[in-house]
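Data file: input20.pdb. Format and content: PDB, C-alpha atoms.
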ATOM      1  CA  MET A 273       2.157 -18.769 -14.599  1.00  0.00           C
ATOM      2  CA  LYS A 274       5.082 -19.493 -12.392  1.00  0.00           C
ATOM      3  CA  LEU A 275       5.974 -17.889  -9.073  1.00  0.00           C
ATOM      4  CA  ASN A 276       8.874 -15.455  -9.372  1.00  0.00           C
ATOM      5  CA  TRP A 277      10.639 -15.531  -5.999  1.00  0.00           C
ATOM      6  CA  LYS A 278      12.875 -12.591  -6.873  1.00  0.00           C
ATOM      7  CA  SER A 279       9.812 -10.418  -7.441  1.00  0.00           C
ATOM      8  CA  SER A 280       8.274 -11.649  -4.187  1.00  0.00           C
ATOM      9  CA  ILE A 281      11.371 -10.691  -2.237  1.00  0.00           C
ATOM     10  CA  ALA A 282      11.542  -7.353  -4.038  1.00  0.00           C
ATOM     11  CA  TYR A 283       7.881  -6.617  -3.242  1.00  0.00           C
ATOM     12  CA  PHE A 284       8.410  -7.439   0.432  1.00  0.00           C
ATOM     13  CA  LEU A 285      11.544  -5.311   0.724  1.00  0.00           C
ATOM     14  CA  ILE A 286      10.084  -2.354  -1.166  1.00  0.00           C
ATOM     15  CA  ILE A 287       6.846  -2.390   0.830  1.00  0.00           C
ATOM     16  CA  GLN A 288       8.776  -2.592   4.115  1.00  0.00           C
ATOM     17  CA  ALA A 289      11.043   0.242   2.957  1.00  0.00           C
ATOM     18  CA  THR A 290       8.029   2.415   2.151  1.00  0.00           C
ATOM     19  CA  VAL A 291       6.496   1.599   5.547  1.00  0.00           C
ATOM     20  CA  LEU A 292       9.730   2.677   7.246  1.00  0.00           C
ATOM     21  CA  VAL A 293      10.169   5.837   5.172  1.00  0.00           C
ATOM     22  CA  ILE A 294       6.581   6.918   5.742  1.00  0.00           C
ATOM     23  CA  GLY A 295       6.750   6.076   9.432  1.00  0.00           C
ATOM     24  CA  LEU A 296      10.088   7.736  10.104  1.00  0.00           C
ATOM     25  CA  PHE A 297      10.116  10.788   7.858  1.00  0.00           C
ATOM     26  CA  PHE A 298       6.620  11.768   6.785  1.00  0.00           C
ATOM     27  CA  ASN A 299       4.510  11.015   9.830  1.00  0.00           C
ATOM     28  CA  GLY A 300       6.605  12.803  12.433  1.00  0.00           C
ATOM     29  CA  PRO A 301       5.991  16.406  11.369  1.00  0.00           C
ATOM     30  CA  PHE A 302       2.372  15.671  10.473  1.00  0.00           C
ATOM     31  CA  PHE A 303       1.532  14.077  13.836  1.00  0.00           C
ATOM     32  CA  VAL A 304       3.296  16.856  15.720  1.00  0.00           C
ATOM     33  CA  LEU A 305       1.113  19.422  13.957  1.00  0.00           C
ATOM     34  CA  ILE A 306      -2.029  17.406  14.672  1.00  0.00           C
ATOM     35  CA  ARG A 307      -1.208  17.007  18.374  1.00  0.00           C
ATOM     36  CA  PHE A 308      -0.532  20.736  18.818  1.00  0.00           C
ATOM     37  CA  SER A 309      -3.685  21.778  16.991  1.00  0.00           C
ATOM     38  CA  ASN A 310      -5.848  21.692  20.158  1.00  0.00           C
ATOM     39  CA  LEU A 311      -8.483  19.562  18.454  1.00  0.00           C
ATOM     40  CA  ASP A 312     -10.649  17.043  20.230  1.00  0.00           C
ATOM     41  CA  LYS A 313      -8.875  13.686  20.743  1.00  0.00           C
ATOM     42  CA  GLN A 314     -11.405  11.861  18.566  1.00  0.00           C
ATOM     43  CA  VAL A 315     -10.999  14.391  15.752  1.00  0.00           C
ATOM     44  CA  GLU A 316      -7.208  14.087  16.022  1.00  0.00           C
ATOM     45  CA  ASP A 317      -7.503  10.297  15.787  1.00  0.00           C
ATOM     46  CA  ILE A 318      -9.777  10.462  12.741  1.00  0.00           C
ATOM     47  CA  ILE A 319      -7.539  12.971  10.940  1.00  0.00           C
ATOM     48  CA  SER A 320      -4.441  10.922  11.770  1.00  0.00           C
ATOM     49  CA  VAL A 321      -5.821   7.581  10.655  1.00  0.00           C
ATOM     50  CA  VAL A 322      -7.413   8.922   7.455  1.00  0.00           C
ATOM     51  CA  ALA A 323      -4.246  10.808   6.505  1.00  0.00           C
ATOM     52  CA  GLU A 324      -2.060   7.777   7.247  1.00  0.00           C
ATOM     53  CA  THR A 325      -4.305   5.474   5.225  1.00  0.00           C
ATOM     54  CA  ALA A 326      -4.422   7.875   2.284  1.00  0.00           C
ATOM     55  CA  LEU A 327      -0.639   8.318   2.347  1.00  0.00           C
ATOM     56  CA  GLU A 328       0.010   4.572   2.422  1.00  0.00           C
ATOM     57  CA  LEU A 329      -2.538   3.863  -0.321  1.00  0.00           C
ATOM     58  CA  LEU A 330      -1.086   6.590  -2.523  1.00  0.00           C
ATOM     59  CA  THR A 331       2.469   5.395  -1.920  1.00  0.00           C
ATOM     60  CA  ARG A 332       1.606   1.789  -2.714  1.00  0.00           C
ATOM     61  CA  PHE A 333      -0.309   2.887  -5.812  1.00  0.00           C
ATOM     62  CA  ILE A 334       2.745   4.801  -7.077  1.00  0.00           C
ATOM     63  CA  VAL A 335       5.088   1.887  -6.339  1.00  0.00           C
ATOM     64  CA  PHE A 336       2.816  -0.634  -8.041  1.00  0.00           C
ATOM     65  CA  PHE A 337       2.251   1.716 -10.980  1.00  0.00           C
ATOM     66  CA  ILE A 338       6.017   1.903 -11.491  1.00  0.00           C
ATOM     67  CA  PHE A 339       6.210  -1.909 -11.485  1.00  0.00           C
ATOM     68  CA  PHE A 340       3.428  -2.248 -14.057  1.00  0.00           C
ATOM     69  CA  LYS A 341       4.650   0.595 -16.241  1.00  0.00           C
ATOM     70  CA  ASN A 342       8.262  -0.590 -16.389  1.00  0.00           C
ATOM     71  CA  ASN A 343       7.534  -4.301 -16.794  1.00  0.00           C
ATOM     72  CA  ARG A 344       5.273  -4.752 -19.802  1.00  0.00           C
ATOM     73  CA  GLY A 345       5.110  -8.496 -19.303  1.00  0.00           C
ATOM     74  CA  LEU A 346       3.763  -8.189 -15.763  1.00  0.00           C
ATOM     75  CA  THR A 347       0.054  -8.956 -15.590  1.00  0.00           C
ATOM     76  CA  PHE A 348      -2.172  -8.472 -12.584  1.00  0.00           C
ATOM     77  CA  PRO A 349      -2.653 -12.229 -11.992  1.00  0.00           C
ATOM     78  CA  GLN A 350       1.131 -12.703 -12.130  1.00  0.00           C
ATOM     79  CA  PHE A 351       1.563  -9.803  -9.717  1.00  0.00           C
ATOM     80  CA  CYS A 352      -0.922 -11.378  -7.290  1.00  0.00           C
ATOM     81  CA  LEU A 353       0.902 -14.699  -7.483  1.00  0.00           C
ATOM     82  CA  ASP A 354       4.268 -13.035  -6.874  1.00  0.00           C
ATOM     83  CA  TYR A 355       2.859 -10.810  -4.118  1.00  0.00           C
ATOM     84  CA  SER A 356       1.378 -13.719  -2.123  1.00  0.00           C
ATOM     85  CA  PRO A 357       4.711 -14.782  -0.506  1.00  0.00           C
ATOM     86  CA  ALA A 358       5.407 -11.114   0.286  1.00  0.00           C
ATOM     87  CA  PHE A 359       1.963 -10.914   1.881  1.00  0.00           C
ATOM     88  CA  GLY A 360       2.711 -14.002   3.970  1.00  0.00           C
ATOM     89  CA  ALA A 361       6.109 -12.650   4.992  1.00  0.00           C
ATOM     90  CA  ARG A 362       4.554  -9.298   5.949  1.00  0.00           C
ATOM     91  CA  LEU A 363       1.916 -11.114   7.998  1.00  0.00           C
ATOM     92  CA  ILE A 364       4.482 -13.196   9.875  1.00  0.00           C
ATOM     93  CA  PHE A 365       6.767 -10.189  10.403  1.00  0.00           C
ATOM     94  CA  SER A 366       3.829  -8.130  11.674  1.00  0.00           C
ATOM     95  CA  LEU A 367       2.689 -10.906  14.006  1.00  0.00           C
ATOM     96  CA  CYS A 368       6.194 -11.239  15.450  1.00  0.00           C
ATOM     97  CA  THR A 369       6.328  -7.503  16.162  1.00  0.00           C
ATOM     98  CA  HIS A 370       2.696  -7.249  17.391  1.00  0.00           C
ATOM     99  CA  PHE A 371       1.781  -5.155  14.351  1.00  0.00           C
ATOM    100  CA  ALA A 372       4.184  -2.370  15.194  1.00  0.00           C
ATOM    101  CA  PHE A 373       4.072   0.912  13.311  1.00  0.00           C
ATOM    102  CA  TRP A 374       7.379   0.127  11.581  1.00  0.00           C
ATOM    103  CA  SER A 375       6.451  -3.425  10.550  1.00  0.00           C
ATOM    104  CA  ALA A 376       2.752  -3.565   9.674  1.00  0.00           C
ATOM    105  CA  GLY A 377       2.450   0.066   8.696  1.00  0.00           C
ATOM    106  CA  GLY A 378       0.905   3.070  10.293  1.00  0.00           C
ATOM    107  CA  SER A 379      -2.596   2.638   8.909  1.00  0.00           C
ATOM    108  CA  ILE A 380      -2.918  -0.934  10.175  1.00  0.00           C
ATOM    109  CA  ASN A 381      -1.432   0.003  13.522  1.00  0.00           C
ATOM    110  CA  LEU A 382      -3.560   3.120  14.022  1.00  0.00           C
ATOM    111  CA  TRP A 383      -6.812   1.553  12.835  1.00  0.00           C
ATOM    112  CA  GLY A 384      -6.261  -1.428  15.149  1.00  0.00           C
ATOM    113  CA  ALA A 385      -5.582   0.817  18.127  1.00  0.00           C
ATOM    114  CA  ILE A 386      -8.481   3.190  17.448  1.00  0.00           C
ATOM    115  CA  LEU A 387     -10.969   0.396  16.770  1.00  0.00           C
ATOM    116  CA  GLY A 388      -9.764  -1.481  19.836  1.00  0.00           C
ATOM    117  CA  ASN A 389     -10.207   1.590  22.020  1.00  0.00           C
ATOM    118  CA  ARG A 390     -13.613   2.512  20.584  1.00  0.00           C
ATOM    119  CA  LEU A 391     -15.181  -0.921  20.080  1.00  0.00           C
ATOM    120  CA  ILE A 392     -13.618  -3.295  22.581  1.00  0.00           C
ATOM    121  CA  SER A 393     -12.479  -1.403  25.660  1.00  0.00           C
ATOM    122  CA  GLN A 394     -11.583   2.127  26.580  1.00  0.00           C
ATOM    123  CA  HIS A 395      -8.822   0.597  28.689  1.00  0.00           C
ATOM    124  CA  ILE A 396      -6.854  -0.127  25.529  1.00  0.00           C
ATOM    125  CA  LEU A 397      -4.257   2.614  25.757  1.00  0.00           C
ATOM    126  CA  THR A 398      -1.228   1.209  23.962  1.00  0.00           C
ATOM    127  CA  MET A 399      -0.756  -0.753  20.766  1.00  0.00           C
ATOM    128  CA  LEU A 400       0.195  -3.813  22.822  1.00  0.00           C
ATOM    129  CA  ASP A 401      -3.223  -3.807  24.497  1.00  0.00           C
ATOM    130  CA  VAL A 402      -4.999  -4.363  21.158  1.00  0.00           C
ATOM    131  CA  PRO A 403      -5.995  -8.010  20.637  1.00  0.00           C
ATOM    132  CA  ILE A 404      -4.147  -9.806  17.856  1.00  0.00           C
ATOM    133  CA  TRP A 405      -7.418 -10.920  16.238  1.00  0.00           C
ATOM    134  CA  LEU A 406      -8.399  -7.281  15.690  1.00  0.00           C
ATOM    135  CA  TYR A 407      -5.038  -6.491  14.135  1.00  0.00           C
ATOM    136  CA  LEU A 408      -5.432  -9.540  11.881  1.00  0.00           C
ATOM    137  CA  ILE A 409      -8.811  -8.320  10.633  1.00  0.00           C
ATOM    138  CA  VAL A 410      -7.452  -4.837   9.986  1.00  0.00           C
ATOM    139  CA  PHE A 411      -4.341  -6.297   8.308  1.00  0.00           C
ATOM    140  CA  PHE A 412      -6.398  -8.388   5.868  1.00  0.00           C
ATOM    141  CA  VAL A 413      -8.755  -5.503   5.071  1.00  0.00           C
ATOM    142  CA  PHE A 414      -5.920  -3.106   4.363  1.00  0.00           C
ATOM    143  CA  GLU A 415      -3.870  -5.570   2.373  1.00  0.00           C
ATOM    144  CA  GLY A 416      -7.032  -6.076   0.311  1.00  0.00           C
ATOM    145  CA  LEU A 417      -7.197  -2.312  -0.224  1.00  0.00           C
ATOM    146  CA  PHE A 418      -3.540  -2.283  -1.217  1.00  0.00           C
ATOM    147  CA  VAL A 419      -4.138  -5.046  -3.766  1.00  0.00           C
ATOM    148  CA  LEU A 420      -7.061  -3.012  -5.126  1.00  0.00           C
ATOM    149  CA  SER A 421      -4.703  -0.055  -5.477  1.00  0.00           C
ATOM    150  CA  ALA A 422      -2.345  -2.355  -7.379  1.00  0.00           C
ATOM    151  CA  PHE A 423      -5.238  -3.323  -9.654  1.00  0.00           C
ATOM    152  CA  GLY A 424      -5.930   0.353 -10.316  1.00  0.00           C
ATOM    153  CA  ALA A 425      -2.247   0.928 -11.055  1.00  0.00           C
ATOM    154  CA  TYR A 426      -2.259  -2.038 -13.444  1.00  0.00           C
ATOM    155  CA  LYS A 427      -5.316  -0.754 -15.319  1.00  0.00           C
ATOM    156  CA  ILE A 428      -3.895   2.760 -15.673  1.00  0.00           C
ATOM    157  CA  ALA A 429      -0.489   1.471 -16.815  1.00  0.00           C
ATOM    158  CA  LEU A 430      -2.200  -0.849 -19.315  1.00  0.00           C
ATOM    159  CA  HIS A 431      -4.312   2.024 -20.631  1.00  0.00           C
ATOM    160  CA  GLN A 432      -1.233   4.233 -21.003  1.00  0.00           C
ATOM    161  CA  ARG A 433       0.619   1.486 -22.855  1.00  0.00           C
ATOM    162  CA  LYS A 434      -2.263   0.946 -25.272  1.00  0.00           C
ATOM    163  CA  LYS A 435      -2.592   4.684 -25.861  1.00  0.00           C
ATOM    164  CA  LEU A 436       1.135   5.000 -26.544  1.00  0.00           C
ATOM    165  CA  GLN A 437       1.014   1.986 -28.844  1.00  0.00           C
ATOM    166  CA  LYS A 438      -1.841   3.535 -30.861  1.00  0.00           C
ATOM    167  CA  GLU A 439       0.077   6.809 -31.120  1.00  0.00           C
ATOM    168  CA  LEU A 440       3.203   5.019 -32.318  1.00  0.00           C
ATOM    169  CA  PHE A 441       1.247   3.024 -34.907  1.00  0.00           C
ATOM    170  CA  ALA A 442      -0.508   6.179 -36.102  1.00  0.00           C
ATOM    171  CA  GLU A 443       2.828   7.997 -36.334  1.00  0.00           C
ATOM    172  CA  ALA A 444       4.416   5.105 -38.236  1.00  0.00           C
ATOM    173  CA  SER A 445       1.420   4.936 -40.563  1.00  0.00           C
ATOM    174  CA  ASP A 446       1.624   8.692 -41.260  1.00  0.00           C
ATOM    175  CA  LYS A 447       5.343   8.401 -41.891  1.00  0.00           C
ATOM    176  CA  ASN A 448       4.780   5.566 -44.399  1.00  0.00           C
ATOM    177  CA  LYS A 449       2.093   7.581 -46.194  1.00  0.00           C
ATOM    178  CA  ASN A 450       4.386  10.601 -46.459  1.00  0.00           C
ATOM    179  CA  GLU A 451       7.224   8.503 -47.887  1.00  0.00           C
ATOM    180  CA  GLU A 452       4.986   7.144 -50.678  1.00  0.00           C
TER     181      GLU A 452
END
Representation of the structure as structure tokens:
Amino acid sequence: MKLNWKSSIAYFLIIQATVLVIGLFFNGPFFVLIRFSNLDKQVEDIISVVAETALELLTRFIVFFIFFKNNRGLTFPQFCLDYSPAFGARLIFSLCTHFAFWSAGGSINLWGAILGNRLISQHILTMLDVPIWLYLIVFFVFEGLFVLSAFGAYKIALHQRKKLQKELFAEASDKNKNEE
């Protein structure tokens, strides 16, 4: 296996684009509805962070599924190798922006803020008050979850390819039998 830098750059850019699209277009209306729902602050936080995490996991799963489905030569180990520079670039970019919503992603940002407020100090009111070490832990956990979603996408795409291949072989075999 050899590192494909073009794929690494593409992974980084696509993941950052999805983070921006989710953060700018999908979260706004959802968070407005949550804030006006008159729920308890803790319930609002839980709903927000679970919804954000689910949305990001689903989005990454779809993106990775498209990669695996359209590139038959892409294996999961090759994907992991190519994704590692993108992971490093995302980590550096997130560190430089203090894990902002638009750089690290909403789930990492929200989980860091909520955990910081609940576990470390109730005086943590803004994202900048959260210690970097907590954001780093959350970042690594969620990137691990995202790689697991990529593994799931790989397995499903592989299963679909094998199923299609069996159908094509069966169809070709039936066609040959009918011609004889």
Quiz item: Once the PyMOL selection byres ((chain A and resi 368-375) around 12) has been applied to the shown file, what residues remain in the selection, as number ranges by chain?
Solution: A: 284-285, 287-297, 299, 324, 361-367, 376-385, 398-411
Which residues would end up in the selection if the PyMOL selection byres ((chain A and resi 303-307) around 12) were applied here, given that I need the answer as a compact mmCIF listing (two decimals) with C-alpha atoms, in the frame of the given file?
# COMPACT_ATOMS: atom_id res chain seq x y z
CA ILE A 294 6.58 6.92 5.74
CA GLY A 295 6.75 6.08 9.43
CA LEU A 296 10.09 7.74 10.10
CA PHE A 297 10.12 10.79 7.86
CA PHE A 298 6.62 11.77 6.78
CA ASN A 299 4.51 11.02 9.83
CA GLY A 300 6.60 12.80 12.43
CA PRO A 301 5.99 16.41 11.37
CA PHE A 302 2.37 15.67 10.47
CA PHE A 308 -0.53 20.74 18.82
CA SER A 309 -3.68 21.78 16.99
CA ASN A 310 -5.85 21.69 20.16
CA LEU A 311 -8.48 19.56 18.45
CA ASP A 312 -10.65 17.04 20.23
CA LYS A 313 -8.88 13.69 20.74
CA GLN A 314 -11.40 11.86 18.57
CA VAL A 315 -11.00 14.39 15.75
CA GLU A 316 -7.21 14.09 16.02
CA ASP A 317 -7.50 10.30 15.79
CA ILE A 318 -9.78 10.46 12.74
CA ILE A 319 -7.54 12.97 10.94
CA SER A 320 -4.44 10.92 11.77
CA VAL A 321 -5.82 7.58 10.66
CA ALA A 323 -4.25 10.81 6.50
CA GLU A 324 -2.06 7.78 7.25
CA GLY A 378 0.90 3.07 10.29
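Put simply, CA of Leu430 in chain A is 14.4 Å away from CA of Ile334 in chain A.
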Exercise. Please provide as an MDAnalysis selection string all residues within 12 Å of Ala422 in chain A, with the sequence filter that same-chain residues fewer than 6 positions apart are discarded (counting all atoms listed in the file).
Key: chainID A and resid 283 329:341 346:352 355 415:416 428:429
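Remark: for Thr325 in chain A, the closest of the candidate residues A:Glu451, A:Phe423, A:Leu417, A:Gln432 is A:Leu417 (distances computed over only C-alpha atoms).
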Quiz prompt | Straight-line distance linking CA of Asn342 in chain A with CA of Ile281 in chain A, stated in Å to one decimal | solution = 17.7 Å
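Here the question is which of A:Gly345, A:Ser280, A:Gln394, A:Phe418 gets nearest to Leu327 in chain A using all atoms listed in the file, and that residue is A:Phe418.
The coordinates place CA of Ala358 in chain A at 8.9 Å from CA of Ser279 in chain A.
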What would range 294-316 of chain A look like with N, CA and C atoms in place, written as a CSV table (one decimal), keeping the file's coordinate frame?
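To be explicit, this is the file written out as selection02.csv:
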chain,number,residue,atom,x,y,z
A,294,ILE,N,7.8,6.2,5.3
A,294,ILE,CA,6.6,6.9,5.7
A,294,ILE,C,6.5,7.1,7.3
A,295,GLY,N,6.8,6.0,8.0
A,295,GLY,CA,6.8,6.1,9.4
A,295,GLY,C,7.8,7.0,10.1
A,296,LEU,N,9.0,7.0,9.5
A,296,LEU,CA,10.1,7.7,10.1
A,296,LEU,C,10.2,9.2,9.7
A,297,PHE,N,9.9,9.5,8.4
A,297,PHE,CA,10.1,10.8,7.9
A,297,PHE,C,8.9,11.6,7.6
A,298,PHE,N,7.8,11.0,7.2
A,298,PHE,CA,6.6,11.8,6.8
A,298,PHE,C,5.6,11.9,7.9
A,299,ASN,N,5.5,10.9,8.8
A,299,ASN,CA,4.5,11.0,9.8
A,299,ASN,C,4.9,11.9,11.0
A,300,GLY,N,6.2,12.0,11.3
A,300,GLY,CA,6.6,12.8,12.4
A,300,GLY,C,6.1,14.2,12.4
A,301,PRO,N,6.5,15.0,11.4
A,301,PRO,CA,6.0,16.4,11.4
A,301,PRO,C,4.5,16.5,11.3
A,302,PHE,N,3.8,15.6,10.6
A,302,PHE,CA,2.4,15.7,10.5
A,302,PHE,C,1.7,15.4,11.8
A,303,PHE,N,2.1,14.4,12.5
A,303,PHE,CA,1.5,14.1,13.8
A,303,PHE,C,1.8,15.1,14.9
A,304,VAL,N,3.0,15.8,14.8
A,304,VAL,CA,3.3,16.9,15.7
A,304,VAL,C,2.3,18.0,15.5
A,305,LEU,N,2.1,18.4,14.3
A,305,LEU,CA,1.1,19.4,14.0
A,305,LEU,C,-0.3,19.1,14.4
A,306,ILE,N,-0.7,17.8,14.2
A,306,ILE,CA,-2.0,17.4,14.7
A,306,ILE,C,-2.1,17.5,16.2
A,307,ARG,N,-1.1,17.0,16.9
A,307,ARG,CA,-1.2,17.0,18.4
A,307,ARG,C,-1.2,18.4,19.0
A,308,PHE,N,-0.6,19.4,18.3
A,308,PHE,CA,-0.5,20.7,18.8
A,308,PHE,C,-1.7,21.6,18.3
A,309,SER,N,-2.6,21.0,17.6
A,309,SER,CA,-3.7,21.8,17.0
A,309,SER,C,-4.8,22.1,17.9
A,310,ASN,N,-4.8,21.5,19.1
A,310,ASN,CA,-5.8,21.7,20.2
A,310,ASN,C,-7.2,21.2,19.7
A,311,LEU,N,-7.2,20.2,18.9
A,311,LEU,CA,-8.5,19.6,18.5
A,311,LEU,C,-8.9,18.5,19.5
A,312,ASP,N,-10.1,18.1,19.4
A,312,ASP,CA,-10.6,17.0,20.2
A,312,ASP,C,-9.9,15.8,19.9
A,313,LYS,N,-9.7,14.9,20.9
A,313,LYS,CA,-8.9,13.7,20.7
A,313,LYS,C,-9.5,12.8,19.7
A,314,GLN,N,-10.8,12.7,19.6
A,314,GLN,CA,-11.4,11.9,18.6
A,314,GLN,C,-11.2,12.4,17.2
A,315,VAL,N,-11.2,13.7,17.0
A,315,VAL,CA,-11.0,14.4,15.8
A,315,VAL,C,-9.5,14.2,15.3
A,316,GLU,N,-8.6,14.3,16.3
A,316,GLU,CA,-7.2,14.1,16.0
A,316,GLU,C,-7.0,12.7,15.5
